[in-house]
$ cat data.tsv   # TSV, C-alpha atoms
chain	number	residue	atom	x	y	z
A	25	MET	CA	146.14	67.28	125.92
A	26	ALA	CA	143.51	69.00	127.90
A	27	LYS	CA	140.98	66.44	126.75
A	28	PHE	CA	142.72	63.58	128.50
A	29	ILE	CA	143.04	65.39	131.76
A	30	LYS	CA	139.35	66.16	131.78
A	31	GLU	CA	138.29	62.51	131.39
A	32	ASN	CA	140.52	61.11	134.11
A	33	LYS	CA	139.39	62.72	137.26
A	34	GLY	CA	142.02	61.11	139.45
A	35	GLU	CA	139.90	57.95	139.87
A	36	LEU	CA	141.05	54.47	138.84
A	37	PRO	CA	138.88	52.95	136.14
A	38	GLN	CA	136.92	49.88	137.27
A	39	MET	CA	138.35	46.53	136.29
A	40	ASN	CA	136.37	44.54	133.80
A	41	THR	CA	135.19	41.37	135.58
A	42	SER	CA	133.10	39.91	132.83
A	43	SER	CA	135.64	37.13	132.21
A	44	LEU	CA	135.81	36.12	135.89
A	45	PRO	CA	133.14	33.38	135.58
A	46	ASP	CA	135.08	31.85	132.71
A	47	ILE	CA	138.29	31.76	134.74
A	48	VAL	CA	136.54	30.18	137.71
A	49	PHE	CA	134.87	27.64	135.44
A	50	ILE	CA	138.25	26.65	134.04
A	51	ILE	CA	139.58	26.06	137.58
A	52	LEU	CA	136.43	24.09	138.34
A	53	MET	CA	136.92	21.91	135.26
A	54	PHE	CA	140.52	21.29	136.28
A	55	PHE	CA	139.45	20.04	139.70
A	56	MET	CA	136.67	17.90	138.29
A	57	VAL	CA	139.06	16.13	135.95
A	58	CYS	CA	142.02	15.72	138.30
A	59	THR	CA	140.35	14.57	141.49
A	60	SER	CA	138.20	11.68	142.49
A	61	MET	CA	135.32	11.49	144.92
A	62	ARG	CA	136.32	10.80	148.47
A	63	GLN	CA	135.53	7.16	149.19
A	64	ASN	CA	135.01	7.21	152.88
A	65	GLU	CA	136.21	9.07	155.85
A	66	THR	CA	139.22	7.50	157.50
A	67	LYS	CA	138.77	7.13	161.20
A	68	VAL	CA	142.18	5.61	161.73
A	69	ARG	CA	145.41	7.44	161.19
A	70	VAL	CA	147.19	6.06	158.15
A	71	THR	CA	150.57	7.12	156.85
A	72	THR	CA	151.42	4.68	154.11
A	73	PRO	CA	155.01	3.42	153.96
A	74	MET	CA	157.51	4.51	151.35
A	75	ALA	CA	158.52	2.33	148.45
A	76	THR	CA	160.14	2.82	145.08
A	77	GLU	CA	158.80	-0.04	142.96
A	78	ILE	CA	155.18	0.98	143.02
A	79	ALA	CA	152.49	0.47	140.44
A	80	LYS	CA	149.39	2.53	139.88
A	81	LEU	CA	145.97	1.15	140.56
A	82	ASP	CA	144.59	0.40	137.14
A	83	ARG	CA	140.85	0.25	137.89
A	84	LYS	CA	139.61	2.34	140.73
A	85	ASP	CA	136.06	0.99	140.52
A	86	LEU	CA	137.25	-2.53	141.30
A	87	ALA	CA	139.18	-1.56	144.40
A	88	THR	CA	138.02	-2.16	147.94
A	89	TYR	CA	139.75	-0.49	150.82
A	90	ILE	CA	140.77	-1.80	154.19
A	91	TYR	CA	142.39	0.70	156.51
A	92	ILE	CA	144.60	-0.35	159.39
A	93	GLY	CA	146.06	2.06	161.90
A	94	THR	CA	145.65	3.70	165.25
A	95	PRO	CA	142.26	5.42	165.75
A	96	SER	CA	142.33	9.18	165.40
A	97	GLN	CA	141.99	11.44	168.40
A	98	GLN	CA	138.21	11.58	168.70
A	99	TYR	CA	137.81	7.79	168.50
A	100	GLN	CA	140.59	6.90	170.91
A	101	LYS	CA	138.27	7.06	173.88
A	102	GLU	CA	136.12	4.35	172.38
A	103	TYR	CA	138.67	2.18	170.65
A	104	GLY	CA	141.94	2.77	172.47
A	105	THR	CA	145.28	3.45	170.86
A	106	ASP	CA	146.04	0.03	169.49
A	107	SER	CA	146.01	-0.61	165.75
A	108	ARG	CA	142.50	-1.13	164.44
A	109	ILE	CA	140.90	-2.25	161.24
A	110	GLN	CA	138.44	0.04	159.51
A	111	LEU	CA	135.96	-1.31	156.99
A	112	ASN	CA	133.75	1.21	155.20
A	113	ASP	CA	132.98	3.70	157.95
A	114	VAL	CA	133.21	1.42	160.94
A	115	ILE	CA	136.14	0.47	163.07
A	116	CYS	CA	136.14	-3.23	163.94
A	117	LYS	CA	135.26	-3.88	167.57
A	118	ASP	CA	137.52	-6.83	168.10
A	119	ASN	CA	140.89	-7.41	166.48
A	120	THR	CA	140.80	-11.15	167.05
A	121	ASP	CA	137.39	-11.69	165.48
A	122	LEU	CA	137.80	-10.98	161.80
A	123	SER	CA	134.42	-12.22	160.59
A	124	PRO	CA	133.34	-8.66	159.61
A	125	ILE	CA	135.97	-8.80	156.87
A	126	ARG	CA	134.26	-11.77	155.32
A	127	ASP	CA	130.88	-10.01	155.22
A	128	PHE	CA	132.53	-6.84	154.01
A	129	ILE	CA	134.29	-8.58	151.11
A	130	ALA	CA	131.10	-10.44	150.18
A	131	ALA	CA	129.13	-7.18	150.16
A	132	GLU	CA	131.76	-5.39	148.10
A	133	ARG	CA	131.90	-8.27	145.67
A	134	GLU	CA	128.16	-7.99	145.12
A	135	LYS	CA	128.59	-4.36	144.05
A	136	ILE	CA	130.95	-5.22	141.21
A	137	SER	CA	129.47	-6.45	137.95
A	138	GLU	CA	129.76	-10.17	137.40
A	139	VAL	CA	132.21	-9.87	134.53
A	140	ASP	CA	134.70	-7.93	136.61
A	141	ARG	CA	134.42	-9.93	139.81
A	142	PRO	CA	137.59	-11.99	139.28
A	143	PHE	CA	139.57	-8.76	138.96
A	144	MET	CA	138.46	-7.36	142.27
A	145	GLN	CA	141.36	-5.92	144.18
A	146	VAL	CA	141.66	-5.29	147.88
A	147	ASN	CA	143.72	-2.28	148.74
A	148	ILE	CA	145.30	-2.58	152.17
A	149	LYS	CA	146.14	0.84	153.49
A	150	ALA	CA	148.06	0.34	156.65
A	151	ASP	CA	150.06	2.70	158.75
A	152	LYS	CA	153.79	2.27	158.49
A	153	ASP	CA	154.17	1.59	162.21
A	154	THR	CA	151.55	-1.14	162.32
A	155	ARG	CA	152.79	-4.51	163.49
A	156	MET	CA	152.63	-7.24	160.89
A	157	GLY	CA	150.59	-9.54	163.13
A	158	ILE	CA	147.31	-7.80	162.44
A	159	ILE	CA	148.09	-7.47	158.72
A	160	THR	CA	148.94	-11.15	158.52
A	161	ASP	CA	145.58	-11.94	160.13
A	162	VAL	CA	143.80	-9.79	157.57
A	163	LYS	CA	145.72	-11.45	154.75
A	164	GLN	CA	144.80	-14.91	156.03
A	165	GLU	CA	141.15	-13.88	156.24
A	166	LEU	CA	141.30	-12.53	152.68
A	167	ARG	CA	142.76	-15.82	151.52
A	168	ARG	CA	139.85	-17.59	153.16
A	169	CYS	CA	137.41	-15.34	151.28
A	170	SER	CA	139.45	-15.97	148.12
A	171	ALA	CA	140.04	-12.29	147.55
A	172	LEU	CA	143.56	-12.91	146.41
A	173	LYS	CA	144.45	-9.80	144.47
A	174	ILE	CA	145.75	-7.33	146.98
A	175	MET	CA	147.72	-4.14	146.93
A	176	TYR	CA	149.79	-2.70	149.72
A	177	GLY	CA	149.22	1.02	149.65
A	178	ALA	CA	152.52	2.87	149.48
A	179	ARG	CA	153.91	6.23	148.55
A	180	LYS	CA	156.70	6.86	146.14
A	181	GLY	CA	159.83	7.99	147.88
A	182	ALA	CA	163.22	6.95	149.16
A	183	GLN	CA	163.40	5.16	152.46
A	184	LYS	CA	165.29	6.60	155.27
B	9	MET	CA	101.46	41.70	118.75
B	10	ALA	CA	104.15	44.06	119.47
B	11	LYS	CA	107.57	42.53	119.63
B	12	LYS	CA	108.58	42.39	123.23
B	13	LYS	CA	112.24	42.59	123.86
B	14	VAL	CA	113.50	39.68	125.95
B	15	PRO	CA	115.37	41.12	128.89
B	16	GLU	CA	118.97	40.07	129.15
B	17	ILE	CA	119.91	37.79	132.00
B	18	ASN	CA	122.16	39.43	134.46
B	19	GLY	CA	125.37	37.45	134.46
B	20	SER	CA	127.11	39.12	137.32
B	21	SER	CA	126.24	36.34	139.75
B	22	MET	CA	127.68	33.69	137.47
B	23	ALA	CA	131.05	34.06	139.13
B	24	ASP	CA	129.56	33.40	142.56
B	25	ILE	CA	127.74	30.30	141.36
B	26	ALA	CA	130.92	28.98	139.80
B	27	PHE	CA	132.82	29.68	143.01
B	28	ILE	CA	130.32	27.71	145.04
B	29	ALA	CA	130.60	24.77	142.65
B	30	LEU	CA	134.38	25.00	142.83
B	31	ILE	CA	134.40	24.97	146.61
B	32	PHE	CA	132.03	22.00	146.63
B	33	PHE	CA	134.44	20.02	144.48
B	34	LEU	CA	137.39	21.04	146.59
B	35	MET	CA	135.66	19.66	149.66
B	36	VAL	CA	134.33	16.32	148.45
B	37	THR	CA	137.14	15.11	146.25
B	38	THR	CA	140.63	13.92	146.93
B	39	MET	CA	143.65	14.21	144.79
B	40	ASP	CA	145.84	11.48	146.29
B	41	LYS	CA	146.86	8.89	143.81
B	42	GLU	CA	146.13	5.26	144.48
B	43	GLU	CA	149.36	3.42	144.18
B	44	GLY	CA	151.19	0.66	145.90
B	45	ILE	CA	152.70	-2.77	145.58
B	46	SER	CA	150.49	-5.33	143.89
B	47	ARG	CA	150.63	-8.88	145.13
B	48	LEU	CA	148.74	-12.08	144.58
B	49	LEU	CA	148.00	-14.18	147.64
B	50	PRO	CA	148.21	-17.95	147.35
B	51	PRO	CA	144.83	-19.67	147.58
B	52	ILE	CA	144.07	-21.71	150.68
B	53	PRO	CA	144.56	-25.38	149.86
B	54	PRO	CA	141.38	-27.46	150.16
B	55	GLU	CA	141.23	-29.37	153.41
B	56	ASP	CA	140.93	-32.81	151.91
B	57	GLN	CA	144.08	-32.27	149.89
B	58	LYS	CA	147.05	-34.21	151.13
B	59	MET	CA	149.81	-31.92	152.22
B	60	GLU	CA	152.30	-32.91	149.63
B	61	ASP	CA	155.70	-31.65	150.45
B	62	LEU	CA	157.01	-29.99	147.39
B	63	LYS	CA	160.45	-31.35	147.11
B	64	VAL	CA	162.38	-28.21	146.46
B	65	ASN	CA	166.07	-28.64	146.53
B	66	ARG	CA	167.79	-26.93	149.42
B	67	ARG	CA	169.98	-24.86	147.14
B	68	ASN	CA	166.95	-23.48	145.30
B	69	ILE	CA	165.53	-21.66	148.29
B	70	ILE	CA	166.68	-18.47	149.91
B	71	GLN	CA	165.12	-17.70	153.25
B	72	VAL	CA	164.50	-14.06	153.94
B	73	LYS	CA	163.39	-13.46	157.50
B	74	ILE	CA	162.55	-10.28	159.35
B	75	ASN	CA	162.37	-10.41	163.12
B	76	SER	CA	160.41	-8.27	165.54
B	77	ASN	CA	163.25	-5.74	165.74
B	78	ASP	CA	163.13	-5.32	161.97
B	79	ARG	CA	166.48	-7.09	161.59
B	80	LEU	CA	166.96	-8.93	158.35
B	81	LEU	CA	168.32	-12.40	157.77
B	82	ALA	CA	168.86	-13.56	154.22
B	83	GLY	CA	170.19	-17.01	153.51
B	84	SER	CA	171.29	-17.59	157.14
B	85	GLN	CA	173.31	-14.40	157.11
B	86	PRO	CA	172.27	-11.18	158.85
B	87	MET	CA	172.48	-8.14	156.63
B	88	ASP	CA	171.27	-4.65	155.96
B	89	VAL	CA	168.37	-3.98	153.62
B	90	SER	CA	170.70	-2.20	151.22
B	91	GLN	CA	172.63	-5.43	150.65
B	92	LEU	CA	169.55	-7.53	150.03
B	93	LYS	CA	169.06	-6.56	146.39
B	94	ASP	CA	172.54	-7.68	145.31
B	95	LYS	CA	172.19	-10.87	147.31
B	96	ILE	CA	168.93	-11.70	145.55
B	97	LYS	CA	170.36	-10.84	142.14
B	98	GLU	CA	173.33	-13.07	142.75
B	99	PHE	CA	171.01	-15.80	143.98
B	100	MET	CA	168.71	-15.62	140.97
B	101	THR	CA	171.41	-15.41	138.30
B	102	ASN	CA	174.08	-17.69	139.79
B	103	PRO	CA	176.74	-16.29	137.45
B	104	TYR	CA	179.52	-18.79	138.24
B	105	ASP	CA	177.32	-21.88	138.51
B	106	ASP	CA	178.03	-22.23	142.20
B	107	PRO	CA	176.70	-25.59	143.50
B	108	ASN	CA	175.25	-23.80	146.53
B	109	LEU	CA	173.14	-21.43	144.45
B	110	PRO	CA	170.01	-22.46	142.51
B	111	GLU	CA	170.23	-24.67	139.49
B	112	LYS	CA	169.07	-23.51	136.11
B	113	GLU	CA	166.78	-25.36	133.81
B	114	VAL	CA	166.87	-24.76	130.08
B	115	GLN	CA	163.32	-23.97	129.06
B	116	ASP	CA	162.00	-23.53	125.57
B	117	ILE	CA	160.13	-20.22	125.62
B	118	PRO	CA	158.04	-19.61	122.50
B	119	GLY	CA	159.56	-16.77	120.55
B	120	LEU	CA	162.87	-16.85	122.38
B	121	GLY	CA	164.13	-20.40	122.06
B	122	PRO	CA	165.93	-22.26	124.82
B	123	VAL	CA	166.76	-20.02	127.77
B	124	PRO	CA	168.30	-21.08	131.09
B	125	VAL	CA	165.71	-20.26	133.74
B	126	SER	CA	166.67	-20.16	137.38
B	127	LYS	CA	164.71	-22.44	139.69
B	128	GLY	CA	165.32	-20.18	142.66
B	129	VAL	CA	162.49	-19.40	145.06
B	130	ILE	CA	162.56	-16.58	147.57
B	131	SER	CA	160.84	-17.46	150.80
B	132	LEU	CA	159.80	-14.48	152.87
B	133	GLN	CA	158.94	-14.87	156.50
B	134	ASN	CA	158.11	-12.23	159.06
B	135	ASP	CA	157.37	-12.04	162.73
B	136	ARG	CA	154.11	-10.75	164.14
B	137	GLY	CA	156.04	-7.87	165.65
B	138	THR	CA	157.68	-6.71	162.44
B	139	THR	CA	156.65	-3.20	161.48
B	140	TYR	CA	154.78	-2.71	158.26
B	141	GLN	CA	157.37	-0.28	156.93
B	142	ALA	CA	160.14	-2.87	157.32
B	143	TYR	CA	158.04	-5.48	155.58
B	144	ILE	CA	157.26	-3.16	152.66
B	145	THR	CA	160.91	-2.14	152.42
B	146	VAL	CA	161.97	-5.76	152.08
B	147	GLN	CA	159.20	-6.52	149.59
B	148	ASN	CA	160.28	-3.46	147.67
B	149	GLU	CA	163.91	-4.63	147.53
B	150	LEU	CA	162.86	-8.08	146.32
B	151	ILE	CA	160.74	-6.59	143.56
B	152	LYS	CA	163.49	-4.17	142.67
B	153	ALA	CA	165.97	-7.04	142.29
B	154	ILE	CA	163.60	-8.93	140.00
B	155	ASN	CA	162.81	-5.81	137.99
B	156	GLU	CA	166.49	-5.09	137.47
B	157	LEU	CA	167.10	-8.66	136.34
B	158	ARG	CA	164.23	-8.33	133.89
B	159	ASP	CA	165.63	-5.06	132.62
B	160	ASP	CA	169.04	-6.68	132.14
B	161	PHE	CA	167.51	-9.60	130.31
B	162	SER	CA	165.43	-7.47	127.97
B	163	MET	CA	168.41	-5.19	127.30
B	164	LYS	CA	170.41	-8.25	126.25
B	165	THR	CA	167.72	-9.85	124.09
B	166	PHE	CA	165.71	-6.94	122.72
B	167	GLY	CA	168.00	-3.97	123.34
B	168	LYS	CA	165.21	-2.16	125.18
B	169	LYS	CA	164.13	-1.75	128.75
B	170	TYR	CA	161.42	-4.04	130.07
B	171	SER	CA	158.84	-1.28	130.36
B	172	LYS	CA	159.35	-0.31	126.69
B	173	LEU	CA	158.67	-3.82	125.36
B	174	SER	CA	155.43	-4.95	123.77
B	175	ASP	CA	153.03	-7.11	125.76
B	176	GLU	CA	154.16	-10.36	124.13
B	177	GLN	CA	157.79	-9.56	124.72
B	178	GLN	CA	157.08	-8.71	128.35
B	179	GLU	CA	155.36	-12.07	128.70
B	180	MET	CA	158.48	-13.79	127.33
B	181	VAL	CA	160.74	-11.90	129.73
B	182	ARG	CA	158.43	-12.75	132.61
B	183	LYS	CA	158.80	-16.42	131.73
B	184	ALA	CA	162.58	-16.17	131.47
B	185	VAL	CA	162.95	-14.27	134.74
B	186	PRO	CA	160.13	-15.51	136.96
B	187	GLN	CA	159.15	-13.72	140.15
B	188	LYS	CA	158.88	-16.49	142.65
B	189	ILE	CA	158.33	-14.99	146.04
B	190	SER	CA	156.61	-17.31	148.44
B	191	GLU	CA	155.30	-16.07	151.72
B	192	ALA	CA	155.48	-18.72	154.35
B	193	GLU	CA	152.39	-19.49	156.34
B	194	PRO	CA	152.52	-17.24	159.38
B	195	LYS	CA	153.66	-18.92	162.50
B	196	ASP	CA	151.18	-18.45	165.27
B	197	VAL	CA	153.01	-17.63	168.43
B	198	ARG	CA	150.05	-16.13	170.27
B	199	LYS	CA	148.90	-17.92	173.35
B	200	LYS	CA	145.27	-18.83	173.13
$ encode --input "data.tsv" --output "structure tokens"
Amino acid sequence: MAKFIKENKGELPQMNTSSLPDIVFIILMFFMVCTSMRQNETKVRVTTPMATEIAKLDRKDLATYIYIGTPSQQYQKEYGTDSRIQLNDVICKDNTDLSPIRDFIAAEREKISEVDRPFMQVNIKADKDTRMGIITDVKQELRRCSALKIMYGARKGAQK
Amino acid sequence: MAKKKVPEINGSSMADIAFIALIFFLMVTTMDKEEGISRLLPPIPPEDQKMEDLKVNRRNIIQVKINSNDRLLAGSQPMDVSQLKDKIKEFMTNPYDDPNLPEKEVQDIPGLGPVPVSKGVISLQNDRGTTYQAYITVQNELIKAINELRDDFSMKTFGKKYSKLSDEQQEMVRKAVPQKISEAEPKDVRKK
């Protein structure tokens, strides 16, 4: 018995941390598999509406995003508090002139390989309090650019 | 030459490197799923095309309108969104062959044989002032009605739910219970 007492001098033994890198690597792998790269920074505030009959986006690489909502705090000085359209990283200057959408769709279409071009999908992410007028305008413009496959971004959940 | 012992690499900083990589991924990636309601917009008719009025019988159309106060009107009758689904289901199936509800046409679907297919069309119209949430809610109810009808149909014919059917069977069900939602051309009320 005396032997044990001699070895343990009242100090806690140090924890073995040699497996810590492995644990962290496992967490890292988990995040790499489960997440996707952030597309672009949203400068407008978007809370997508709730719906129950939603489908998943099948091919992320074919999706193009159009954000519609009120500009976030730091852009309100420049763009006001009305609903705005954001393409890539820019907020459209004028809501009545939708020609940037045409250029935007054309540019995005160029990025997709020729085989997949007919399957291009435009994902409209609009805030739930947006008025339909601006969305209808965007839809009409998309029809004119013959980008007909669209998806209304929505979250799963019951409506109030 | 004397054998030189290769010094072991110190692995104690491995954890720190991994942590930095982990934090990098946490910052630049997002986890939110991309989901929503898929729709197909109608193509713009060419300008030289004569506007041919599609003669659709009055009884075959149900008008669903949402006004700027998000009030709903379906088939000239104001109602709540919760009632819309049953209204649409009744409209699309026409269980008692009511002369005011859409007629059915017996179509020969390959693999199924003759099936009565409803000729009903849902026409959705919204105001410029309608909120997006109200619009999506109504769209959602319409899709839900059609999905439930498809489920019913596949339960009756195949004994399985629509989502469990094979691709060919789903195609057949889609033909038997078509999803005909037409969005009216927006009415421009803005003053220019």
$ closest_residue --input "data.tsv" --among "A:Asp153, A:Ser107, A:Glu165, A:Asp82" --to "A:Pro124" --atoms "all atoms listed in the file"
A:Glu165
$ atom_distance --input "data.tsv" --atom1 "atom CA of B:Pro50" --atom2 "atom CA of A:Leu172"
6.9 Å
$ atom_distance --input "data.tsv" --atom1 "atom CA of B:Ile17" --atom2 "atom CA of B:Phe33"
26.1 Å
$ interface_residues --input "data.tsv" --of "chain A" --to "chain B" --cutoff "7 Å" --atoms "all atoms listed in the file" --output "PyMOL selection string"
chain A and resi 44-45+48-49+52+55-56+58-62+73+75-81+152-157+167-168+170+172-179
$ write_last_selection --input "data.tsv" --atoms "C-alpha atoms" --output "PDB file, keeping the file's coordinate frame"
ATOM      1  CA  LEU A  44     135.810  36.120 135.890  1.00  0.00           C
ATOM      2  CA  PRO A  45     133.140  33.380 135.580  1.00  0.00           C
ATOM      3  CA  VAL A  48     136.540  30.180 137.710  1.00  0.00           C
ATOM      4  CA  PHE A  49     134.870  27.640 135.440  1.00  0.00           C
ATOM      5  CA  LEU A  52     136.430  24.090 138.340  1.00  0.00           C
ATOM      6  CA  PHE A  55     139.450  20.040 139.700  1.00  0.00           C
ATOM      7  CA  MET A  56     136.670  17.900 138.290  1.00  0.00           C
ATOM      8  CA  CYS A  58     142.020  15.720 138.300  1.00  0.00           C
ATOM      9  CA  THR A  59     140.350  14.570 141.490  1.00  0.00           C
ATOM     10  CA  SER A  60     138.200  11.680 142.490  1.00  0.00           C
ATOM     11  CA  MET A  61     135.320  11.490 144.920  1.00  0.00           C
ATOM     12  CA  ARG A  62     136.320  10.800 148.470  1.00  0.00           C
ATOM     13  CA  PRO A  73     155.010   3.420 153.960  1.00  0.00           C
ATOM     14  CA  ALA A  75     158.520   2.330 148.450  1.00  0.00           C
ATOM     15  CA  THR A  76     160.140   2.820 145.080  1.00  0.00           C
ATOM     16  CA  GLU A  77     158.800  -0.040 142.960  1.00  0.00           C
ATOM     17  CA  ILE A  78     155.180   0.980 143.020  1.00  0.00           C
ATOM     18  CA  ALA A  79     152.490   0.470 140.440  1.00  0.00           C
ATOM     19  CA  LYS A  80     149.390   2.530 139.880  1.00  0.00           C
ATOM     20  CA  LEU A  81     145.970   1.150 140.560  1.00  0.00           C
ATOM     21  CA  LYS A 152     153.790   2.270 158.490  1.00  0.00           C
ATOM     22  CA  ASP A 153     154.170   1.590 162.210  1.00  0.00           C
ATOM     23  CA  THR A 154     151.550  -1.140 162.320  1.00  0.00           C
ATOM     24  CA  ARG A 155     152.790  -4.510 163.490  1.00  0.00           C
ATOM     25  CA  MET A 156     152.630  -7.240 160.890  1.00  0.00           C
ATOM     26  CA  GLY A 157     150.590  -9.540 163.130  1.00  0.00           C
ATOM     27  CA  ARG A 167     142.760 -15.820 151.520  1.00  0.00           C
ATOM     28  CA  ARG A 168     139.850 -17.590 153.160  1.00  0.00           C
ATOM     29  CA  SER A 170     139.450 -15.970 148.120  1.00  0.00           C
ATOM     30  CA  LEU A 172     143.560 -12.910 146.410  1.00  0.00           C
ATOM     31  CA  LYS A 173     144.450  -9.800 144.470  1.00  0.00           C
ATOM     32  CA  ILE A 174     145.750  -7.330 146.980  1.00  0.00           C
ATOM     33  CA  MET A 175     147.720  -4.140 146.930  1.00  0.00           C
ATOM     34  CA  TYR A 176     149.790  -2.700 149.720  1.00  0.00           C
ATOM     35  CA  GLY A 177     149.220   1.020 149.650  1.00  0.00           C
ATOM     36  CA  ALA A 178     152.520   2.870 149.480  1.00  0.00           C
ATOM     37  CA  ARG A 179     153.910   6.230 148.550  1.00  0.00           C
TER      38      ARG A 179
END
$ atom_distance --input "data.tsv" --atom1 "atom CA of A:Ile136" --atom2 "atom CA of A:Ile109"
22.6 Å
$ closest_residue --input "data.tsv" --among "A:Ala171, A:Val139, A:Val57, A:Leu111" --to "A:Ile92" --atoms "all atoms listed in the file"
A:Leu111
$ closest_residue --input "data.tsv" --among "B:Ser190, B:Asn77, B:Gln177, B:Ser90" --to "B:Pro118" --atoms "all atoms listed in the file"
B:Gln177
$ closest_residue --input "data.tsv" --among "B:Lys127, B:Lys172, B:Lys93, B:Arg66" --to "B:Lys112" --atoms "all atoms listed in the file"
B:Lys127
$ residues_around --input "data.tsv" --residues "stretch 64-69 of chain A" --least-positions-apart "2" --cutoff "7 Å" --atoms "only C-alpha atoms" --output "JSON, numbers by chain"
{"A": [62, 71, 92, 93, 94, 95, 96, 112, 113]}
$ residues_around --input "data.tsv" --residues "B:Lys169" --least-positions-apart "6" --cutoff "8 Å" --atoms "all atoms listed in the file" --output "number ranges by chain"
B: 159-160, 162-163
